[in-house]
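A.B. asks: Once you've had a glance at the structure underneath, I'll fire off some questions.
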Amino acid sequence: MSAATGTALFLSDENLGNLVAEIIAAGRRLVAPARDPQAAVGGSADYRYISSAAELAFGDSLPRMSLKGFFLPQSEVLFKWHRKGADVEIEAVPTEFPPQIVLGARPCDTAALEIVDQVMDWGLRDELWFGRRNATTIFNLSCPVEDASCFCHAVDLNPDATRAADGMLTPVPGGYLVESCTEKGAALVEGHKALFESGDTGAAAERSAAAAQYRAAARAKVAADLQIDTTRIKEWVGDHFDDEFWTALGPRCNGCAACASVCPTCHCFDIVDEPEGVGHGARRRNWDTCQTGVFTLHASGHNPRADQNSRFRQRVNHKFFIYPSRFGEVLCTGCGRCSRVCPEGQDLAEVLACIDELARA
Amino acid sequence: MNIYQPHLMNVVAVIDETPDTRTLRLQFKDPEVAAAFAFKAGQFGEYSVFGAGESTFCMASSPTRPEFIEASFKLAGKVTNELRQLNVGDTMGFRGPYGNTFPLEQWEGKNVVFIAGGIGLAPVRCVIWNVLDLRDKFGDVTIIYGARSVADLVYKRELEEWAGRSDVKLVTTVDPGGETPDWKGEVGFVTPVVEKTAPSVDNAVVVLCGPPIVVKMTLPVLAKLGFADDQVYTTLENRMKCGIGKCGRCNIGPVYVCKDGPVFTAAQLKGLPAEY
């Protein structure tokens, strides 16, 4: 994916704060990497709805969770039901949502949304997902690249990708270079144009060079990591369902499913009813994951994926074989969260490197 | 449109099939929904009891009888337990129809062999009635059905009706030990009874459904009898939640049972991992 191409403007650190204040004052919901304001000490940055610029944590490490929850909430009401004797009344939920703005999204998290769009639009269209997608304007933060777990370059992205983004901020001395890449992005800039310094000033060339240097450094950093060919991996995974390779991986997975929770592209869900009192309740969709035994457990007790080997294999299969076979691209943006969060040290990058090596052999 | 919001249906009849299996006959509450609704043999739906959740069942009734739909279910879990509490006049939810269909148009003029085990007769029953209601369009009809015991045979009244028809060959069997003193049918598992019955492969198609073990054991027997893999159709019932290709639950290898299935030929199944 190429970098943003709109005319670059400059947003000073101070004016970033002013932009946040103006967006909030206008009554629009704003999501940004931020520390938990309630945390006594420290706390990790996460994407949060913020209420002041003081909460911004652009300089922190990769947010703990991806952006997924702002489009597919961890638990979401699909509709409510009310019993009236033998009758039931259904109370629909809206499929249109108030506008929200995301500032400082990592490119891997934003690109994930467009990848998941494909399954959400397959056959019947998921209006709850697309209602939120359409209501959201996203400005990425060109990524400095976190650590050796990052591998966006290996899955057709890069640290300054703007896929699915409406614009991008690139850190430069004293502020950010701002480019918009959609009409929605341009409209956001236009709405607050007094805060943006045009690209015609004397400092512009210097800032542009600084941004280019920043991006080049990030690309070089991530390029030093994982070297794989996802086409080769797709073929190998598709042809080696029963390979003994998978039996070596199961014992390293305790099925906690942390990987799926933090993953920007894992989108599997459960549907459950939750009574909310006598005679009324909600049907909810909750995040779910193929890493647990009950995911595929039949009511009869039969389980097609009876062991952890088969469940971990499914995760790799879904991301690197099933999704590319069905939708033409891998279900992974290389954010590396699954590797960082795994309590057992299961490292997806390492697994992919192994498969790539097997595929080359 | 919120694709997860069900239509409301009235329970218009409750039929006990066995001590733990029941059929609910359902009609849409909204006449407009009822008028617009159509399905084909092989499709399934998401049936719900408000407060308990949704379960996936095939259409057990035939599209040739469009005035209602029927779902047959065995008491097994939370939703089926609540479904059993419903009475005539109660309200439940339905989303569907989803999934692919048996290609009945292509089968016209052919002999049809139905093989089912246990509650697996429910999806097969939809096709049986579809074929019998258009009897002239099809050749010989053979039904081989087995259950654990005589008490566990579902659709007993219909089994009697099929047994009495001259244009249907019905073979019923129960597992060894499941017979009663007056049992006139076969004793043995479905698979060996299929082998013994040896339906002719000429100009025939097979519809096979049962617990995964019955499907996995019977496919090689059908091959031994000479059936080609594209003559044999089955319907799979992997666990589902959404039924529409989103929730990621029903994959068998690259296949989504809810969208690419639930109807598969044996040829298609052989190309898939045995993860069902």
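Please note that chains go A, B, ... in the order of the structure tokens, that every chain numbers its residues from 1, and that ligands are numbered from 1 in the order shown.
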Please give the complete set of residues from region 153-196 of chain B that DSSP, run on the backbone, assigns to strand (DSSP E or B), formatted as a PyMOL selection string.

C.D. replies: chain B and resi 169-174+186-187

A.B. asks: Store the residues of this selection in a file with C-alpha atoms, as a PDB file, in the first residue's frame.

C.D. replies:
ATOM      1  CA  LYS B 169     -39.320 -49.612  -0.467  1.00  0.00           C
ATOM      2  CA  LEU B 170     -38.718 -49.062   3.242  1.00  0.00           C
ATOM      3  CA  VAL B 171     -36.092 -50.905   5.298  1.00  0.00           C
ATOM      4  CA  THR B 172     -35.910 -50.078   8.991  1.00  0.00           C
ATOM      5  CA  THR B 173     -33.345 -51.331  11.459  1.00  0.00           C
ATOM      6  CA  VAL B 174     -32.460 -50.912  15.110  1.00  0.00           C
ATOM      7  CA  GLU B 186     -33.811 -55.520  10.677  1.00  0.00           C
ATOM      8  CA  VAL B 187     -31.484 -55.695  13.662  1.00  0.00           C
TER       9      VAL B 187
END

A.B. asks: At a cut-off of 7 Å, which residues of chain B touch chain A? Count only C-alpha atoms and give the answer as a list of chain:residue names.

C.D. replies: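 Residues satisfying the distance criterion: B:Met1, B:Asn2, B:Ile3, B:Tyr4, B:Gln5, B:Phe50, B:Gly51, B:Ala52, B:Gly53, B:Ala76, B:Gly77, B:Gly89, B:Asp90, B:Thr91, B:Arg239, B:Lys241, B:Ile244, B:Lys246, B:Cys247, B:Gly248, B:Arg249, B:Pro254, B:Glu275, B:Tyr276.
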
A.B. asks: When you draw a straight line from CA of Ala111 (chain A) to CA of Arg163 (chain A), how long is it in Å?

C.D. replies: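 CA of Ala111 (chain A) sits 5.0 Å away from CA of Arg163 (chain A).
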
A.B. asks: Within 10 Å of Val351 (chain A), counting only C-alpha atoms, which residues show up once you throw out same-chain ones fewer than 6 positions away? Write them as a ChimeraX atom specification, please.

C.D. replies: /A:245-246,249,316,357

A.B. asks: For CA of Glu160 (chain B) and CA of Thr56 (chain B), determine how far apart the two atoms are, in Å to one decimal place.

C.D. replies: 28.0 Å

A.B. asks: With only C-alpha atoms as the atoms that count, which of A:Ala209, A:Ala353, A:Ile101, A:Ala359 lies nearest to Val189 (chain A)?

C.D. replies: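 With only C-alpha atoms as the atom set, the closest residue is A:Ile101.
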
A.B. asks: Considering only helix (DSSP H, G or I) as DSSP defines it on the backbone, what residues of region 153-207 of chain A qualify? List them as a PyMOL selection string.

C.D. replies: chain A and resi 153-155+183-191+193-195+204-207

A.B. asks: Take the residues from that selection and write them out as a compact mmCIF listing (two decimals), in the first residue's frame, keeping all heavy atoms.

C.D. replies:
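The resulting selection12.txt:
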# COMPACT_ATOMS: atom_id res chain seq x y z
N HIS A 153 5.23 -5.79 6.94
CA HIS A 153 5.84 -5.81 5.60
C HIS A 153 5.65 -7.19 4.93
O HIS A 153 5.65 -7.30 3.71
CB HIS A 153 7.33 -5.50 5.68
CG HIS A 153 8.10 -6.59 6.37
ND1 HIS A 153 7.89 -6.90 7.70
CD2 HIS A 153 9.02 -7.48 5.91
CE1 HIS A 153 8.68 -7.92 8.03
NE2 HIS A 153 9.37 -8.29 6.96
N ALA A 154 5.52 -8.23 5.78
CA ALA A 154 5.43 -9.59 5.23
C ALA A 154 4.02 -9.93 4.77
O ALA A 154 3.79 -10.95 4.13
CB ALA A 154 5.89 -10.60 6.28
N VAL A 155 3.02 -9.08 5.11
CA VAL A 155 1.64 -9.33 4.70
C VAL A 155 1.11 -8.15 3.88
O VAL A 155 -0.03 -7.71 4.05
CB VAL A 155 0.73 -9.63 5.92
CG1 VAL A 155 1.01 -11.02 6.47
CG2 VAL A 155 0.89 -8.59 7.02
N GLU A 183 -12.27 11.76 0.88
CA GLU A 183 -13.10 12.97 1.07
C GLU A 183 -13.45 13.16 2.53
O GLU A 183 -13.50 14.29 3.03
CB GLU A 183 -14.40 12.84 0.24
CG GLU A 183 -14.18 13.14 -1.23
CD GLU A 183 -15.45 12.99 -2.06
OE1 GLU A 183 -16.55 13.01 -1.47
OE2 GLU A 183 -15.32 12.82 -3.29
N LYS A 184 -13.69 12.03 3.22
CA LYS A 184 -14.00 12.14 4.65
C LYS A 184 -12.83 12.77 5.41
O LYS A 184 -13.01 13.59 6.30
CB LYS A 184 -14.26 10.73 5.23
CG LYS A 184 -15.73 10.40 5.35
CD LYS A 184 -16.01 9.29 6.37
CE LYS A 184 -15.56 7.91 5.97
NZ LYS A 184 -16.04 6.84 6.85
N GLY A 185 -11.61 12.35 5.03
CA GLY A 185 -10.42 12.89 5.68
C GLY A 185 -10.25 14.37 5.38
O GLY A 185 -9.96 15.17 6.28
N ALA A 186 -10.45 14.73 4.10
CA ALA A 186 -10.32 16.14 3.70
C ALA A 186 -11.35 16.99 4.42
O ALA A 186 -11.07 18.14 4.82
CB ALA A 186 -10.48 16.26 2.19
N ALA A 187 -12.55 16.43 4.62
CA ALA A 187 -13.61 17.19 5.30
C ALA A 187 -13.25 17.46 6.75
O ALA A 187 -13.54 18.54 7.28
CB ALA A 187 -14.92 16.41 5.21
N LEU A 188 -12.60 16.50 7.36
CA LEU A 188 -12.20 16.71 8.76
C LEU A 188 -11.18 17.85 8.85
O LEU A 188 -11.29 18.74 9.70
CB LEU A 188 -11.61 15.42 9.35
CG LEU A 188 -11.12 15.53 10.81
CD1 LEU A 188 -12.29 15.80 11.76
CD2 LEU A 188 -10.38 14.27 11.25
N VAL A 189 -10.19 17.82 7.95
CA VAL A 189 -9.17 18.88 7.94
C VAL A 189 -9.84 20.23 7.64
O VAL A 189 -9.58 21.23 8.32
CB VAL A 189 -8.08 18.57 6.89
CG1 VAL A 189 -7.16 19.76 6.69
CG2 VAL A 189 -7.29 17.33 7.33
N GLU A 190 -10.71 20.24 6.66
CA GLU A 190 -11.38 21.48 6.26
C GLU A 190 -12.18 22.08 7.43
O GLU A 190 -12.21 23.29 7.62
CB GLU A 190 -12.32 21.17 5.06
CG GLU A 190 -13.06 22.35 4.48
CD GLU A 190 -12.14 23.43 3.90
OE1 GLU A 190 -11.00 23.10 3.54
OE2 GLU A 190 -12.58 24.60 3.85
N GLY A 191 -12.79 21.21 8.19
CA GLY A 191 -13.60 21.67 9.33
C GLY A 191 -12.80 22.32 10.44
O GLY A 191 -13.36 22.98 11.31
N LYS A 193 -9.63 23.97 9.69
CA LYS A 193 -8.46 24.34 8.87
C LYS A 193 -7.57 25.39 9.51
O LYS A 193 -6.39 25.47 9.18
CB LYS A 193 -8.89 24.76 7.46
CG LYS A 193 -9.80 25.96 7.37
CD LYS A 193 -10.15 26.17 5.91
CE LYS A 193 -11.20 27.27 5.78
NZ LYS A 193 -11.70 27.35 4.43
N ALA A 194 -8.11 26.17 10.45
CA ALA A 194 -7.28 27.20 11.09
C ALA A 194 -6.14 26.57 11.87
O ALA A 194 -5.13 27.23 12.14
CB ALA A 194 -8.15 28.07 12.00
N LEU A 195 -6.28 25.30 12.23
CA LEU A 195 -5.25 24.65 13.05
C LEU A 195 -4.10 24.11 12.23
O LEU A 195 -3.04 23.78 12.75
CB LEU A 195 -5.87 23.49 13.85
CG LEU A 195 -7.03 23.85 14.77
CD1 LEU A 195 -7.61 22.58 15.40
CD2 LEU A 195 -6.55 24.79 15.88
N ALA A 204 8.42 23.85 5.34
CA ALA A 204 7.73 22.70 4.75
C ALA A 204 8.70 21.65 4.21
O ALA A 204 8.54 20.45 4.45
CB ALA A 204 6.77 23.15 3.66
N ALA A 205 9.69 22.08 3.48
CA ALA A 205 10.63 21.14 2.87
C ALA A 205 11.36 20.35 3.94
O ALA A 205 11.57 19.13 3.81
CB ALA A 205 11.61 21.90 1.98
N GLU A 206 11.73 21.07 5.00
CA GLU A 206 12.44 20.43 6.10
C GLU A 206 11.57 19.36 6.76
O GLU A 206 12.01 18.26 7.05
CB GLU A 206 12.76 21.51 7.13
CG GLU A 206 14.11 21.35 7.80
CD GLU A 206 14.44 22.63 8.57
OE1 GLU A 206 14.81 23.64 7.93
OE2 GLU A 206 14.25 22.60 9.79
N ARG A 207 10.31 19.70 6.96
CA ARG A 207 9.38 18.76 7.59
C ARG A 207 9.13 17.55 6.69
O ARG A 207 9.06 16.42 7.16
CB ARG A 207 8.05 19.45 7.88
CG ARG A 207 8.14 20.39 9.05
CD ARG A 207 6.79 21.04 9.29
NE ARG A 207 6.93 22.08 10.28
CZ ARG A 207 6.42 23.29 10.14
NH1 ARG A 207 5.74 23.62 9.06
NH2 ARG A 207 6.59 24.18 11.09

A.B. asks: Rounded to one decimal, what separation in Å do you get between CA of Lys40 (chain B) and CA of Lys137 (chain B)?

C.D. replies: 16.6 Å

A.B. asks: Skipping near chain neighbours, those fewer than 3 positions away, what residues fall within 10 Å of Leu121 (chain B) using only C-alpha atoms, listed as a ChimeraX atom specification?

C.D. replies: /B:60,72,114-118,124-128,143-147,153-155,208-210

A.B. asks: The selected residues should be written to file as a PDB file, in the first residue's frame (atoms: C-alpha atoms).

C.D. replies:
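Output contents, as saved in out00.pdb:
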ATOM      1  CA  ALA B  60     -37.738 -31.128   8.334  1.00  0.00           C
ATOM      2  CA  SER B  72     -37.453 -31.805  14.657  1.00  0.00           C
ATOM      3  CA  PHE B 114     -32.468 -42.407   1.220  1.00  0.00           C
ATOM      4  CA  ILE B 115     -30.224 -43.534   4.083  1.00  0.00           C
ATOM      5  CA  ALA B 116     -30.588 -42.049   7.543  1.00  0.00           C
ATOM      6  CA  GLY B 117     -29.505 -42.778  11.086  1.00  0.00           C
ATOM      7  CA  GLY B 118     -31.280 -41.494  14.198  1.00  0.00           C
ATOM      8  CA  VAL B 124     -33.886 -36.560   4.764  1.00  0.00           C
ATOM      9  CA  ARG B 125     -37.622 -36.501   5.524  1.00  0.00           C
ATOM     10  CA  CYS B 126     -37.821 -33.072   3.856  1.00  0.00           C
ATOM     11  CA  VAL B 127     -36.434 -34.573   0.650  1.00  0.00           C
ATOM     12  CA  ILE B 128     -38.509 -37.754   0.952  1.00  0.00           C
ATOM     13  CA  ILE B 143     -35.584 -45.621   2.298  1.00  0.00           C
ATOM     14  CA  ILE B 144     -33.133 -47.265   4.706  1.00  0.00           C
ATOM     15  CA  TYR B 145     -33.517 -45.953   8.227  1.00  0.00           C
ATOM     16  CA  GLY B 146     -31.950 -47.051  11.487  1.00  0.00           C
ATOM     17  CA  ALA B 147     -32.128 -45.924  15.100  1.00  0.00           C
ATOM     18  CA  LEU B 153     -37.326 -44.351  15.608  1.00  0.00           C
ATOM     19  CA  VAL B 154     -38.600 -40.901  14.656  1.00  0.00           C
ATOM     20  CA  TYR B 155     -41.635 -40.115  12.459  1.00  0.00           C
ATOM     21  CA  LEU B 208     -27.278 -39.928   3.294  1.00  0.00           C
ATOM     22  CA  CYS B 209     -27.595 -38.263   6.681  1.00  0.00           C
ATOM     23  CA  GLY B 210     -26.851 -39.297  10.215  1.00  0.00           C
TER      24      GLY B 210
END

A.B. asks: Using only C-alpha atoms, can you tell me which of A:Val172, A:Ala361, A:Val178, A:Cys150 comes closest to Thr333 (chain A)?

C.D. replies: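 Closest candidate: A:Cys150.
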
A.B. asks: Name all residues at most 12 Å from Gly45 (chain B) (count only C-alpha atoms; drop same-chain ones fewer than 5 positions away) and give them as JSON, numbers by chain.

C.D. replies: {"B": [4, 6, 7, 39, 40, 54, 55, 56, 57, 58, 59, 60, 69, 70, 71, 72, 93, 94, 95, 96, 97, 98, 99, 100, 123, 237, 240, 241, 242, 243, 244, 258, 262]}

A.B. asks: Please provide the set of residues having any atom within 12 Å of Glu146 (chain A), restricted to only C-alpha atoms, with same-chain residues fewer than 3 positions apart removed, written as a list in words.

C.D. replies: Gly59, Asp60, Ser61, Leu62, Pro63, Arg64, Arg106, Cys108, Ser142, Cys143, Ser149, Cys150, Phe151, Cys152, Pro159, Ala218, Arg219, Lys221, Val222, Asp225, Gly334, Cys335, Gly336, Arg337 and Arg340 of chain A
